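Student: One structure, as structure tokens, below. Some questions next.
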Amino acid sequence: MKVTFLGTGCAMVLKRYNTCFLLEDGDNKLLVDAGGGNEVLVRLDKLGVDITQIGGMFVTHSHTDHILGTPWVIRAVGTAISERGYTGTFTVAACHETLHQVRTICEMILGKKMTKYFDTQILFKEVVDGEKLNLAGFDLECFDTGSQKMKQFGFQLDLGDGEQLCFPGDEPLRESCEHYAKNVKWLFSEAYCLYADREMYKPYERSHVTTKDVGEMADRMGARNLVVYHTEDYGDERRRLMTDEVAVAYGGNIFVPEDMESIEL
């Protein structure tokens, strides 16, 4: 199983794409979020992944940098059905609020040529807190992240052999969800900026945290591997600076991926 980060940036980045990623396990492929535009299709094309190879998409919440790529993904699926004779299905999974917004946006801008495939080949799956489901061949346990800005969901992914991955969306892991992250093999976490830059970027006002906070959290959870994403742009030193700050508090393996990098899980 591996993950490829199609984008690693926060909402207003200019030098990288918004955070979204592709999970792959053999022939099973699951897209998690889609970023803020059709660049998601460009990234998939660069990977050599056709839309018909992807079984579904998990959408965490409705912020522009996560949801506005979804109509492009759904349009690509609809185009494959109408023009290429694709006969498979594609499942969009999200909480009630996010699913409603994804579907509404698509119905407003895609037209009946695409929306006629809704509920037959393009499926919409509403998830609730604590629900276990198999999505595109991946076993997930979905959870409400407790966001105060808008409803947001993350998931714990079963890696097999008793190992798990915890992905709490694009906000810090909250106490109510910590049991999903305790002693996991892989913990994903947003880290908006360096602690030294907190006055400049104001992460706490945006319900985000710094790499210092993330290192302390990962150490407390006992995670063996930590992946840091959803960051400000920074420059060529981004990976080194963020890794060094996390490592002050956390002794596990640290990954600060760039766009289009893959990590074996």
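Simple scheme: letters A, B, ... for chains in structure tokens order, numbers from 1 for residues in each chain, numbers from 1 for ligands in the order shown.
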Using DSSP assignments from the backbone, pull out every residue in range 207-258 of chain A that falls under strand (DSSP E or B) and give it to me as a count of residues only.
Tutor: 10
Student: Hey, which bits of range 29-88 of chain A sit within 8 Å of range 145-153 of chain A, and for each residue what's the closest pair of atoms and how far apart in Å (one decimal), counting only C-alpha atoms, rows by chain and increasing number, as CSV?
Tutor:
residue,atom,partner,partner_atom,distance
A:Thr60,CA,A:Phe153,CA,5.0
A:His61,CA,A:Gln152,CA,4.8
A:Ser62,CA,A:Met150,CA,7.8
Student: Using DSSP on the backbone, list every residue of range 51-237 of chain A that comes out as alpha helix (DSSP H), and give them as a ChimeraX atom specification.
Tutor: /A:64-67,70-84,96-109,112-115,198-201,211-221
Student: I'd like the contact shell of Leu194 in chain A - 10 Å cut-off, only C-alpha atoms, skipping same-chain residues fewer than 4 positions apart - returned as an NGL selection string.
Tutor: :A and (198 or 200-201 or 203 or 209-213 or 231-232 or 234 or 238 or 241-242 or 245-246)
Student: Write a file of the selected residues as a PDB file, in the first residue's frame, keeping N, CA and C atoms.
Tutor:
ATOM      1  N   ARG A 198       4.433  31.852  13.762  1.00  0.00           N
ATOM      2  CA  ARG A 198       3.021  31.818  14.159  1.00  0.00           C
ATOM      3  C   ARG A 198       2.385  33.204  14.161  1.00  0.00           C
ATOM      4  N   MET A 200       3.102  35.584  12.073  1.00  0.00           N
ATOM      5  CA  MET A 200       2.920  35.958  10.673  1.00  0.00           C
ATOM      6  C   MET A 200       1.711  35.248  10.054  1.00  0.00           C
ATOM      7  N   TYR A 201       1.623  33.933  10.263  1.00  0.00           N
ATOM      8  CA  TYR A 201       0.587  33.130   9.609  1.00  0.00           C
ATOM      9  C   TYR A 201      -0.658  32.898  10.467  1.00  0.00           C
ATOM     10  N   PRO A 203      -1.754  30.591  12.741  1.00  0.00           N
ATOM     11  CA  PRO A 203      -2.411  29.287  12.586  1.00  0.00           C
ATOM     12  C   PRO A 203      -3.538  29.041  13.576  1.00  0.00           C
ATOM     13  N   VAL A 209      -2.258  24.408  13.456  1.00  0.00           N
ATOM     14  CA  VAL A 209      -1.171  24.382  14.433  1.00  0.00           C
ATOM     15  C   VAL A 209       0.173  24.463  13.725  1.00  0.00           C
ATOM     16  N   THR A 210       1.229  24.522  14.515  1.00  0.00           N
ATOM     17  CA  THR A 210       2.588  24.603  13.992  1.00  0.00           C
ATOM     18  C   THR A 210       3.259  23.224  14.040  1.00  0.00           C
ATOM     19  N   THR A 211       4.427  23.140  13.408  1.00  0.00           N
ATOM     20  CA  THR A 211       5.156  21.880  13.438  1.00  0.00           C
ATOM     21  C   THR A 211       5.610  21.522  14.862  1.00  0.00           C
ATOM     22  N   LYS A 212       5.882  22.501  15.686  1.00  0.00           N
ATOM     23  CA  LYS A 212       6.221  22.230  17.090  1.00  0.00           C
ATOM     24  C   LYS A 212       5.075  21.505  17.780  1.00  0.00           C
ATOM     25  N   ASP A 213       3.855  22.007  17.579  1.00  0.00           N
ATOM     26  CA  ASP A 213       2.671  21.385  18.178  1.00  0.00           C
ATOM     27  C   ASP A 213       2.474  19.967  17.663  1.00  0.00           C
ATOM     28  N   THR A 231       0.613  22.728   4.525  1.00  0.00           N
ATOM     29  CA  THR A 231       1.504  23.765   5.023  1.00  0.00           C
ATOM     30  C   THR A 231       1.442  25.021   4.163  1.00  0.00           C
ATOM     31  N   GLU A 232       2.017  26.091   4.692  1.00  0.00           N
ATOM     32  CA  GLU A 232       2.287  27.271   3.878  1.00  0.00           C
ATOM     33  C   GLU A 232       3.360  26.920   2.852  1.00  0.00           C
ATOM     34  N   TYR A 234       6.462  28.272   1.889  1.00  0.00           N
ATOM     35  CA  TYR A 234       7.875  28.263   2.222  1.00  0.00           C
ATOM     36  C   TYR A 234       8.703  28.044   0.946  1.00  0.00           C
ATOM     37  N   ARG A 238      11.832  24.139   3.200  1.00  0.00           N
ATOM     38  CA  ARG A 238      10.608  23.741   3.893  1.00  0.00           C
ATOM     39  C   ARG A 238      10.738  22.393   4.594  1.00  0.00           C
ATOM     40  N   LEU A 241      13.412  22.492   7.536  1.00  0.00           N
ATOM     41  CA  LEU A 241      12.997  23.310   8.671  1.00  0.00           C
ATOM     42  C   LEU A 241      11.875  22.652   9.461  1.00  0.00           C
ATOM     43  N   MET A 242      10.888  22.121   8.756  1.00  0.00           N
ATOM     44  CA  MET A 242       9.749  21.509   9.445  1.00  0.00           C
ATOM     45  C   MET A 242      10.150  20.201  10.114  1.00  0.00           C
ATOM     46  N   GLU A 245      12.036  20.934  13.360  1.00  0.00           N
ATOM     47  CA  GLU A 245      11.207  21.407  14.471  1.00  0.00           C
ATOM     48  C   GLU A 245      10.375  20.276  15.056  1.00  0.00           C
ATOM     49  N   VAL A 246       9.822  19.418  14.192  1.00  0.00           N
ATOM     50  CA  VAL A 246       9.069  18.268  14.696  1.00  0.00           C
ATOM     51  C   VAL A 246       9.966  17.372  15.546  1.00  0.00           C
TER      52      VAL A 246
END
Student: Each residue of range 173-263 of chain A lying at most 12 Å from range 42-52 of chain A should get a row with its shortest atom-to-atom pair and the distance in Å to one decimal, counting only C-alpha atoms; could you produce that, ordered by chain and increasing number, as CSV?
Tutor:
residue,atom,partner,partner_atom,distance
A:Asp259,CA,A:Arg43,CA,9.1
A:Met260,CA,A:Arg43,CA,7.5
A:Glu261,CA,A:Leu47,CA,10.2
A:Ser262,CA,A:Leu47,CA,10.4
Student: Report as an NGL selection string all protein, DNA and RNA residues lying within 10 Å of Ser82 in chain A, evaluated on only C-alpha atoms, omitting residues in the same chain fewer than 5 positions from it.
Tutor: :A and (76-77 or 87 or 113-114 or 117)
Student: For the selection just defined, write its residues with N, CA and C atoms to a file, as a tab-separated table (two decimals), in the first residue's frame.
Tutor:
chain	number	residue	atom	x	y	z
A	76	ALA	N	-14.92	14.09	-14.89
A	76	ALA	CA	-14.04	13.15	-15.59
A	76	ALA	C	-14.63	11.74	-15.58
A	77	VAL	N	-15.25	11.36	-14.46
A	77	VAL	CA	-15.90	10.05	-14.40
A	77	VAL	C	-17.07	10.01	-15.38
A	87	THR	N	-18.07	1.28	-17.63
A	87	THR	CA	-19.25	0.65	-17.03
A	87	THR	C	-19.12	0.47	-15.52
A	113	LYS	N	-26.08	16.14	-18.69
A	113	LYS	CA	-25.22	15.21	-19.42
A	113	LYS	C	-24.37	14.39	-18.46
A	114	MET	N	-24.00	14.98	-17.34
A	114	MET	CA	-23.21	14.29	-16.33
A	114	MET	C	-24.05	13.79	-15.17
A	117	TYR	N	-25.94	10.33	-14.54
A	117	TYR	CA	-25.29	9.12	-14.05
A	117	TYR	C	-25.28	9.03	-12.52
Student: Rounded to one decimal, what separation in Å do you get between CA of Glu258 in chain A and CA of Phe188 in chain A?
Tutor: 14.3 Å
Student: Fewer than 4 positions away in the same chain doesn't count, so skip those; otherwise give me all residues within 10 Å of Gly222 in chain A, counting only C-alpha atoms, as a list in words.
Tutor: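 Here the qualifying residues turn out to be Ala181, Lys182, Asn183, Val184, Lys185, Leu187, Met217, Ala218, Tyr250, Gly251 and Gly252 of chain A.
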Student: Next, dump the selected residues to file, keeping only N, CA, C and O atoms, as a JSON list (two decimals), in the first residue's frame.
Tutor:
[["chain", "number", "residue", "atom", "x", "y", "z"],
["A", 181, "ALA", "N", -5.77, 7.58, 17.07],
["A", 181, "ALA", "CA", -4.36, 7.82, 16.74],
["A", 181, "ALA", "C", -3.39, 7.15, 17.69],
["A", 181, "ALA", "O", -2.19, 7.13, 17.43],
["A", 182, "LYS", "N", -3.87, 6.59, 18.77],
["A", 182, "LYS", "CA", -2.99, 6.00, 19.78],
["A", 182, "LYS", "C", -2.21, 4.82, 19.18],
["A", 182, "LYS", "O", -2.78, 3.85, 18.67],
["A", 183, "ASN", "N", -0.89, 4.95, 19.20],
["A", 183, "ASN", "CA", 0.02, 3.87, 18.81],
["A", 183, "ASN", "C", -0.18, 3.38, 17.38],
["A", 183, "ASN", "O", 0.08, 2.22, 17.07],
["A", 184, "VAL", "N", -0.62, 4.28, 16.51],
["A", 184, "VAL", "CA", -0.80, 3.87, 15.12],
["A", 184, "VAL", "C", 0.55, 3.78, 14.42],
["A", 184, "VAL", "O", 1.55, 4.38, 14.83],
["A", 185, "LYS", "N", 0.57, 3.04, 13.33],
["A", 185, "LYS", "CA", 1.79, 2.95, 12.53],
["A", 185, "LYS", "C", 2.05, 4.26, 11.80],
["A", 185, "LYS", "O", 3.20, 4.70, 11.70],
["A", 187, "LEU", "N", 0.60, 8.33, 11.37],
["A", 187, "LEU", "CA", -0.25, 9.45, 11.76],
["A", 187, "LEU", "C", -0.03, 10.59, 10.78],
["A", 187, "LEU", "O", 1.11, 11.03, 10.58],
["A", 217, "MET", "N", 2.31, 16.43, 19.72],
["A", 217, "MET", "CA", 1.12, 15.58, 19.62],
["A", 217, "MET", "C", 1.50, 14.16, 19.18],
["A", 217, "MET", "O", 1.02, 13.17, 19.75],
["A", 218, "ALA", "N", 2.35, 14.03, 18.17],
["A", 218, "ALA", "CA", 2.74, 12.72, 17.67],
["A", 218, "ALA", "C", 3.47, 11.91, 18.73],
["A", 218, "ALA", "O", 3.29, 10.69, 18.86],
["A", 250, "TYR", "N", 9.64, 14.82, 18.88],
["A", 250, "TYR", "CA", 9.16, 13.52, 18.39],
["A", 250, "TYR", "C", 10.33, 12.71, 17.84],
["A", 250, "TYR", "O", 11.09, 13.20, 16.99],
["A", 251, "GLY", "N", 10.45, 11.47, 18.30],
["A", 251, "GLY", "CA", 11.58, 10.64, 17.90],
["A", 251, "GLY", "C", 11.29, 9.61, 16.84],
["A", 251, "GLY", "O", 12.17, 8.83, 16.47],
["A", 252, "GLY", "N", 10.07, 9.59, 16.31],
["A", 252, "GLY", "CA", 9.73, 8.64, 15.26],
["A", 252, "GLY", "C", 10.18, 9.11, 13.89],
["A", 252, "GLY", "O", 10.91, 10.09, 13.75]]
Student: How close does each residue of range 149-209 of chain A get to range 20-36 of chain A, giving the shortest atom pair and distance in Å to one decimal for every residue with an atom at most 10 Å away, counting only C-alpha atoms, sorted by chain and residue number, as a tab-separated table?
Tutor:
residue	atom	partner	partner_atom	distance
A:Gly154	CA	A:Val32	CA	9.9
A:Leu159	CA	A:Asp25	CA	9.7
A:Gly169	CA	A:Asp33	CA	9.4
Student: Figure out the distance between CA of Tyr180 in chain A and CA of Phe155 in chain A, please, to one decimal in Å.
Tutor: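 So the two atoms, CA of Phe155 in chain A and CA of Tyr180 in chain A, lie 8.2 Å apart.
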